[in-house]
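Shown next: upload18.csv, given as CSV, C-alpha atoms.
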chain,number,residue,atom,x,y,z
A,1,MET,CA,95.4,112.6,79.0
A,2,ASP,CA,98.6,114.2,80.4
A,3,PRO,CA,101.1,111.8,81.9
A,4,GLU,CA,102.4,114.7,84.0
A,5,ASP,CA,99.0,114.5,85.9
A,6,ASP,CA,99.8,110.9,86.7
A,7,ILE,CA,103.2,111.9,88.2
A,8,TYR,CA,101.5,114.5,90.4
A,9,TYR,CA,98.9,112.1,91.7
A,10,ILE,CA,101.4,109.4,92.3
A,11,GLY,CA,103.3,111.9,94.5
A,12,GLN,CA,100.1,112.6,96.4
A,13,VAL,CA,99.5,108.9,97.0
A,14,LEU,CA,103.0,108.4,98.2
A,15,GLU,CA,102.4,111.2,100.7
A,16,GLY,CA,99.6,109.1,102.1
A,17,LYS,CA,96.6,110.6,100.3
A,18,ILE,CA,94.8,107.4,99.2
A,19,ASN,CA,92.0,109.5,97.6
A,20,ALA,CA,94.5,110.7,95.0
A,21,PHE,CA,94.7,107.1,93.7
A,22,ALA,CA,91.0,107.5,92.7
A,23,TYR,CA,92.1,109.8,90.0
A,24,LEU,CA,94.5,107.2,88.6
A,25,VAL,CA,91.9,104.4,88.8
A,26,ASP,CA,89.3,106.6,87.1
A,27,LYS,CA,91.6,107.6,84.3
A,28,HIS,CA,92.9,104.2,83.4
A,29,LYS,CA,90.1,101.9,84.4
A,30,ASP,CA,88.5,101.5,81.0
A,31,LYS,CA,91.6,100.5,79.1
A,32,ALA,CA,92.8,98.3,82.0
A,33,PHE,CA,89.4,96.6,82.1
A,34,ASN,CA,89.3,96.2,78.3
A,35,LEU,CA,92.7,94.5,78.3
A,36,ALA,CA,91.7,92.2,81.1
A,37,PHE,CA,88.4,91.5,79.4
A,38,ARG,CA,89.9,90.6,76.1
A,39,ILE,CA,92.4,88.2,77.7
A,40,CYS,CA,90.0,86.6,80.2
A,41,GLY,CA,86.9,86.6,77.9
A,42,ASN,CA,84.3,87.4,80.6
A,43,ARG,CA,83.4,90.5,82.6
A,44,GLU,CA,83.4,89.0,86.1
A,45,GLU,CA,87.0,87.8,85.8
A,46,ALA,CA,88.1,90.9,84.0
A,47,GLU,CA,86.7,93.1,86.9
A,48,GLU,CA,88.6,90.9,89.4
A,49,VAL,CA,91.8,91.1,87.4
A,50,ALA,CA,91.6,94.8,86.8
A,51,GLN,CA,90.9,95.5,90.5
A,52,ASP,CA,93.8,93.2,91.5
A,53,ALA,CA,96.0,95.0,89.1
A,54,PHE,CA,95.2,98.4,90.6
A,55,LEU,CA,95.7,97.0,94.1
A,56,LYS,CA,99.1,95.6,93.1
A,57,ALA,CA,100.0,98.9,91.5
A,58,TYR,CA,99.0,100.8,94.7
A,59,ARG,CA,101.1,98.4,96.8
A,60,SER,CA,104.2,98.8,94.5
A,61,LEU,CA,103.8,102.5,93.7
A,62,LYS,CA,106.9,103.4,95.7
A,63,ASP,CA,108.8,101.1,93.4
A,64,PHE,CA,107.5,102.8,90.2
A,65,ARG,CA,110.7,104.4,88.8
A,66,GLN,CA,109.1,106.4,86.0
A,67,LYS,CA,111.2,104.7,83.3
A,68,SER,CA,108.0,104.3,81.4
A,69,SER,CA,104.6,106.0,81.7
A,70,PHE,CA,102.3,105.0,84.6
A,71,ALA,CA,99.8,103.5,82.0
A,72,THR,CA,102.5,101.2,80.5
A,73,TRP,CA,103.5,100.1,84.0
A,74,LEU,CA,99.9,99.5,85.0
A,75,PHE,CA,99.1,97.6,81.7
A,76,ARG,CA,102.1,95.4,82.4
A,77,ILE,CA,100.5,94.4,85.8
A,78,VAL,CA,97.1,93.9,84.2
A,79,TYR,CA,98.6,91.8,81.4
A,80,ASN,CA,100.6,89.6,83.8
A,81,THR,CA,97.7,89.2,86.2
A,82,ALA,CA,95.3,88.2,83.4
A,83,ILE,CA,97.7,85.8,81.7
A,84,SER,CA,98.4,84.1,85.1
A,85,LEU,CA,94.6,83.6,85.5
A,86,VAL,CA,94.0,82.2,82.1
A,87,ARG,CA,96.9,79.8,82.4
A,88,THR,CA,95.4,78.3,85.6
A,89,ARG,CA,92.1,77.4,83.9
A,90,LYS,CA,91.5,74.7,81.4
A,91,ASN,CA,90.9,76.1,78.0
A,92,ARG,CA,87.8,74.9,76.3
A,93,VAL,CA,88.1,74.8,72.5
A,94,LEU,CA,85.2,76.5,70.8
A,95,SER,CA,84.0,75.3,67.5
A,96,VAL,CA,82.8,77.7,64.8
A,97,GLU,CA,79.3,76.1,65.3
A,98,GLU,CA,79.3,77.7,68.7
A,99,PHE,CA,79.3,81.2,67.4
A,100,PRO,CA,76.2,82.9,69.1
A,101,ALA,CA,73.0,82.0,67.1
A,102,ASP,CA,71.5,85.4,67.6
A,103,ALA,CA,74.5,87.1,66.0
A,104,VAL,CA,74.2,84.7,63.1
A,105,ASP,CA,70.4,85.3,62.8
A,106,PHE,CA,71.1,89.0,62.6
A,107,LEU,CA,72.9,88.6,59.3
A,108,GLY,CA,69.9,88.0,57.3
A,109,LEU,CA,67.6,90.3,59.1
A,110,ASN,CA,69.1,93.6,60.1
A,111,VAL,CA,72.1,94.3,57.9
A,112,SER,CA,71.0,97.8,57.4
A,113,ASP,CA,71.1,98.7,61.0
A,114,GLU,CA,74.5,100.1,61.7
A,115,ASP,CA,74.4,99.6,65.5
A,116,ALA,CA,73.4,96.0,65.1
A,117,ALA,CA,76.1,95.4,62.5
A,118,ASP,CA,78.6,96.8,64.9
A,119,ASP,CA,77.4,94.5,67.6
A,120,TYR,CA,77.6,91.6,65.2
A,121,ARG,CA,81.2,92.5,64.3
A,122,ASN,CA,82.1,92.9,67.9
A,123,SER,CA,80.7,89.6,69.0
A,124,LEU,CA,82.4,87.9,66.0
A,125,ILE,CA,85.7,89.5,67.1
A,126,ASN,CA,85.2,88.4,70.7
A,127,PHE,CA,84.4,84.9,69.4
A,128,ALA,CA,87.6,84.8,67.3
A,129,LEU,CA,89.6,86.2,70.2
A,130,GLN,CA,88.5,83.2,72.3
A,131,LYS,CA,90.0,80.9,69.7
A,132,ILE,CA,93.6,82.2,70.2
A,133,SER,CA,95.9,82.0,73.2
A,134,GLY,CA,95.8,84.5,76.1
A,135,GLU,CA,99.1,86.0,75.1
A,136,GLU,CA,97.9,86.5,71.6
A,137,ARG,CA,94.6,88.1,72.8
A,138,GLY,CA,96.7,90.5,74.9
A,139,LEU,CA,98.9,91.4,71.9
A,140,ILE,CA,95.9,91.9,69.6
A,141,THR,CA,94.2,94.2,72.2
A,142,LEU,CA,97.3,96.3,72.8
A,143,TYR,CA,98.0,96.6,69.1
A,144,TYR,CA,94.5,97.2,67.7
A,145,TYR,CA,92.4,98.6,70.5
A,146,ASP,CA,95.1,100.6,72.3
A,147,ASP,CA,97.0,101.4,69.1
A,148,LEU,CA,100.4,100.9,70.7
A,149,ASP,CA,103.5,100.2,68.7
A,150,THR,CA,105.6,97.1,69.1
A,151,GLU,CA,108.1,98.9,71.3
A,152,GLU,CA,105.5,99.9,73.9
A,153,ILE,CA,103.9,96.4,73.7
A,154,SER,CA,107.3,94.9,74.3
A,155,LYS,CA,107.6,97.0,77.5
A,156,ILE,CA,104.2,95.8,78.7
A,157,THR,CA,104.5,92.1,77.8
A,158,GLY,CA,108.2,91.5,78.2
A,159,ILE,CA,108.2,89.9,74.7
A,160,SER,CA,110.8,91.0,72.2
A,161,ARG,CA,109.7,93.2,69.3
A,162,SER,CA,110.5,90.6,66.7
A,163,ASN,CA,108.6,88.0,68.6
A,164,ILE,CA,105.7,90.3,68.9
A,165,LYS,CA,105.6,90.8,65.1
A,166,VAL,CA,105.6,87.0,64.6
A,167,ARG,CA,102.9,86.4,67.2
A,168,LEU,CA,100.8,89.2,65.9
A,169,PHE,CA,101.1,87.7,62.4
A,170,ARG,CA,100.0,84.3,63.6
A,171,ALA,CA,97.1,85.7,65.8
A,172,ARG,CA,95.9,87.8,62.9
A,173,GLN,CA,96.0,84.8,60.6
A,174,LYS,CA,94.1,82.6,63.0
A,175,MET,CA,91.4,85.3,63.7
A,176,ALA,CA,91.0,86.1,60.0
A,177,GLY,CA,90.6,82.4,59.3
A,178,ILE,CA,87.9,82.1,62.0
A,179,ILE,CA,86.0,85.2,60.7
A,180,ARG,CA,86.1,83.8,57.2
A,181,LYS,CA,84.8,80.5,58.3
A,182,VAL,CA,81.9,82.0,60.3
A,183,GLU,CA,81.1,84.3,57.4
A,184,MET,CA,81.1,81.4,55.0
A,185,LYS,CA,78.9,79.4,57.3
A,186,ASN,CA,76.4,82.3,57.4
A,187,VAL,CA,76.4,82.6,53.6
A,188,PHE,CA,75.4,78.9,53.2
A,189,LEU,CA,72.9,79.0,56.0
A,190,PRO,CA,69.6,77.5,55.0
B,1,MET,CA,103.4,92.3,53.9
B,2,ASN,CA,102.2,89.9,51.2
B,3,ASN,CA,98.6,89.9,49.8
B,4,ARG,CA,97.4,87.3,52.2
B,5,GLU,CA,98.7,89.2,55.2
B,6,MET,CA,97.2,92.4,53.8
B,7,ASN,CA,93.9,90.7,53.5
B,8,ASP,CA,94.0,89.4,57.0
B,9,GLU,CA,95.0,92.8,58.3
B,10,ASP,CA,92.1,94.5,56.3
B,11,LEU,CA,89.6,91.9,57.5
B,12,LEU,CA,90.6,92.4,61.1
B,13,ARG,CA,90.5,96.2,60.8
B,14,LYS,CA,87.0,95.9,59.2
B,15,PHE,CA,85.6,93.9,62.1
B,16,LEU,CA,87.5,95.3,64.9
B,17,ASN,CA,86.4,98.7,66.1
B,18,PRO,CA,89.0,100.3,68.4
B,19,GLU,CA,86.4,102.6,69.8
B,20,LYS,CA,84.2,99.6,70.9
B,21,ILE,CA,86.2,98.9,74.0
B,22,GLU,CA,84.6,97.1,77.0
B,23,ARG,CA,84.2,99.8,79.7
B,24,ALA,CA,84.7,99.1,83.4
B,25,PRO,CA,81.5,98.4,85.2
B,26,GLY,CA,79.8,101.2,87.2
B,27,GLY,CA,81.3,101.8,90.7
B,28,PHE,CA,84.6,100.3,89.7
B,29,THR,CA,86.7,103.1,91.2
B,30,THR,CA,84.7,103.1,94.4
B,31,LYS,CA,85.0,99.3,94.8
B,32,THR,CA,88.8,99.4,94.1
B,33,LEU,CA,89.4,102.2,96.6
B,34,THR,CA,87.3,100.4,99.2
B,35,ARG,CA,89.5,97.3,98.7
B,36,ILE,CA,92.6,99.4,99.1
B,37,ARG,CA,91.3,101.0,102.3
B,38,ILE,CA,90.2,97.6,103.7
B,39,GLU,CA,93.6,96.1,102.9
B,40,ASN,CA,95.4,99.1,104.5
B,41,ARG,CA,93.4,98.8,107.6
B,42,SER,CA,93.8,95.1,108.0
B,43,SER,CA,97.5,95.2,107.4
B,44,VAL,CA,97.8,97.8,110.3
B,45,GLU,CA,95.6,95.6,112.4
B,46,HIS,CA,97.5,92.4,111.6
B,47,ASP,CA,100.7,94.0,112.7
B,48,GLY,CA,100.8,93.1,116.4
B,49,PHE,CA,101.8,95.5,119.2
B,50,PHE,CA,105.5,94.6,118.9
B,51,ALA,CA,105.5,95.1,115.1
B,52,ARG,CA,103.8,98.5,115.4
B,53,ASN,CA,106.1,99.6,118.2
B,54,ARG,CA,109.4,97.9,117.4
B,55,VAL,CA,111.7,100.9,118.0
B,56,PRO,CA,110.4,102.0,121.4
B,57,VAL,CA,110.1,98.4,122.6
B,58,ILE,CA,113.7,97.6,121.6
B,59,SER,CA,114.9,100.8,123.2
B,60,ALA,CA,113.1,100.1,126.4
B,61,VAL,CA,114.6,96.6,126.5
B,62,ILE,CA,118.1,98.0,126.1
B,63,ILE,CA,117.6,100.7,128.7
B,64,ALA,CA,116.2,98.1,131.1
B,65,GLY,CA,119.1,95.9,130.5
B,66,LEU,CA,121.6,98.7,131.2
B,67,ILE,CA,119.8,99.6,134.4
B,68,ILE,CA,119.8,96.0,135.6
B,69,ALA,CA,123.5,95.7,134.7
B,70,ALA,CA,124.3,98.9,136.6
B,71,ILE,CA,122.5,97.6,139.7
B,72,LEU,CA,123.9,94.1,139.5
B,73,ILE,CA,127.6,95.0,138.9
B,74,PRO,CA,129.0,95.8,142.3
B,75,ALA,CA,130.9,99.1,142.5
B,76,GLY,CA,134.7,98.7,142.7
B,77,GLU,CA,134.6,95.0,141.9
B,78,THR,CA,137.5,93.9,139.6
B,79,GLY,CA,137.9,90.9,137.4
B,80,SER,CA,134.6,90.8,135.6
B,81,LEU,CA,134.0,92.3,132.1
B,82,GLY,CA,131.5,94.7,133.5
B,83,SER,CA,133.9,96.2,135.9
B,84,GLU,CA,136.6,96.5,133.3
B,85,VAL,CA,134.2,98.5,131.1
B,86,TRP,CA,133.0,100.4,134.1
B,87,LYS,CA,136.4,101.7,135.1
B,88,TYR,CA,136.7,103.7,131.9
B,89,PHE,CA,133.5,105.6,132.7
B,90,ARG,CA,134.0,105.8,136.5
B,91,ASP,CA,136.1,108.9,136.5
B,92,ILE,CA,134.4,110.9,133.8
B,93,GLU,CA,133.7,114.4,135.0
B,94,LEU,CA,131.7,116.9,133.1
B,95,LYS,CA,133.0,120.4,133.6
B,96,LEU,CA,131.4,123.5,132.3
B,97,PRO,CA,132.8,127.0,133.0
B,98,GLY,CA,130.9,128.6,135.8
B,99,LEU,CA,128.7,125.6,136.4
B,100,ASN,CA,129.3,122.8,138.9
B,101,LEU,CA,127.4,119.8,137.7
B,102,PRO,CA,126.9,116.7,139.9
B,103,LYS,CA,128.9,113.6,138.9
B,104,TRP,CA,125.8,111.6,137.8
B,105,ALA,CA,125.0,114.3,135.2
B,106,SER,CA,127.9,113.2,133.0
B,107,TYR,CA,126.6,109.6,133.0
B,108,ALA,CA,123.1,110.7,132.3
B,109,MET,CA,124.3,112.8,129.3
B,110,ILE,CA,126.3,110.0,127.9
B,111,GLY,CA,123.3,107.6,128.4
B,112,ILE,CA,121.0,110.1,126.6
B,113,PHE,CA,123.5,110.4,123.7
B,114,VAL,CA,124.0,106.7,123.4
B,115,MET,CA,120.2,106.0,123.5
B,116,GLY,CA,119.5,108.7,121.0
B,117,PHE,CA,122.0,107.2,118.7
B,118,PHE,CA,120.4,103.7,119.2
B,119,ASP,CA,116.9,105.1,118.5
B,120,ARG,CA,118.0,106.8,115.2
B,121,ALA,CA,119.8,103.6,114.1
B,122,LEU,CA,116.8,101.3,114.9
B,123,SER,CA,114.4,103.7,113.4
B,124,GLY,CA,116.5,103.8,110.2
B,125,ILE,CA,116.6,100.0,110.0
B,126,PHE,CA,112.9,99.3,110.7
B,127,HIS,CA,111.3,102.1,108.6
B,128,LYS,CA,113.6,101.6,105.6
B,129,GLY,CA,111.0,99.9,103.4
B,130,LYS,CA,108.0,102.1,104.4
B,131,ASN,CA,106.3,104.8,102.4
B,132,PRO,CA,107.4,108.3,103.1

Let me see whether you can do it: turn the structure in this file into structure tokens.
Amino acid sequence: MDPEDDIYYIGQVLEGKINAFAYLVDKHKDKAFNLAFRICGNREEAEEVAQDAFLKAYRSLKDFRQKSSFATWLFRIVYNTAISLVRTRKNRVLSVEEFPADAVDFLGLNVSDEDAADDYRNSLINFALQKISGEERGLITLYYYDDLDTEEISKITGISRSNIKVRLFRARQKMAGIIRKVEMKNVFLP
Amino acid sequence: MNNREMNDEDLLRKFLNPEKIERAPGGFTTKTLTRIRIENRSSVEHDGFFARNRVPVISAVIIAGLIIAAILIPAGETGSLGSEVWKYFRDIELKLPGLNLPKWASYAMIGIFVMGFFDRALSGIFHKGKNP
């Protein structure tokens, strides 16, 4: 992915060629959607958030000063849109007992199946993500899924680098605790 | 990082597969572009006649005002503000070598120049925030 391409297509969009924006959407949609999904926790809201973010980006494209890459700028919009959404809804606290039964059942049955093991890990991670705050979910996603450094994450979230490190530490600690609890529960399952 | 932190980090890395990202649903790009097109169209439709034609409307109002003023201000009358201003323009004569222009031509040229200036200024003000 060449950021130079983004600049070229941004120029085209600013000249009034809306179709050029399709390139930018197509290129960044998966990462934008993933960030929205991890923060919101469900696909419907994530799609809404990602679409809203692209719409906001389109409207404000003339204000994009290229101080950062288009991706960073876009992720900032996705992050803020998703965080605003989760702040407005009441958070339901999930208990470890609510971890999907089929994922738990899998443990004893299909451990050898690598795909199924991957699915199990993924659902456990999604479950653990739902137990931490929206901001923390965003940080975990940007750090682990998008492999961004704290400086880049700071540009996206507006949180200082030192604060990011502290929050990542706490989020990691919480998630690891949840994963251990679920694993323990599965070990002692009748 | 201490041992506990290392363990947490390792555990998370073991469970979290960065390649297992949630991909955008099919048709996402088309849906997004459709929303953008609809919004673009509705924003143009929501702008009323005046909003879409601010510059020519304001220019027309000013021209109409000037014409009405010219008709209503009696020639040669003194004492009013209009006539005071008028007296500066009254004796303007445009002379080009080898060309004898009628007196009204000088007024017309000044009018065109002033309105042209107005148009540029208004256009600059109202189209400032718009996309190139």

Report as a tab-separated table the residues of chain B within 7 Å of chain A, each with its shortest atom pair and distance in Å (one decimal), using only C-alpha atoms, ordered by chain and increasing residue number.
residue	atom	partner	partner_atom	distance
B:Asp8	CA	A:Ala176	CA	5.4
B:Glu9	CA	A:Arg172	CA	6.9
B:Leu11	CA	A:Ala176	CA	6.5
B:Leu12	CA	A:Ala176	CA	6.4
B:Phe15	CA	A:Arg121	CA	5.1
B:Leu16	CA	A:Ile125	CA	6.5
B:Pro18	CA	A:Tyr145	CA	4.3
B:Ile21	CA	A:Asn34	CA	5.9
B:Glu22	CA	A:Asn34	CA	5.0
B:Arg23	CA	A:Asp30	CA	4.8
B:Ala24	CA	A:Asp30	CA	5.1
B:Thr29	CA	A:Val25	CA	5.9
B:Thr32	CA	A:Gln51	CA	5.7
B:Leu33	CA	A:Ala22	CA	6.8
B:Ile36	CA	A:Leu55	CA	6.4
B:Asn131	CA	A:Leu14	CA	6.4
B:Pro132	CA	A:Glu15	CA	6.3

Could you work out how far CA of Ile39 in chain A lies from CA of Phe127 in chain A, giving the answer in Å with one decimal?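 Here the two named atoms are 12.0 Å from each other.
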
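For the pair CA of Ile125 in chain B and CA of Ala60 in chain B, the separation is 16.8 Å.
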
Using Å and a single decimal, report how far CA of Cys40 in chain A sits from CA of Arg76 in chain A. 15.1 Å

Select, from A:Leu85, A:Ile156, A:Ile10, A:Leu74, the residue with the minimum atom-to-atom distance to Glu45 in chain A, counting all atoms listed in the file.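 For Glu45 in chain A, the nearest of the candidates is A:Leu85.
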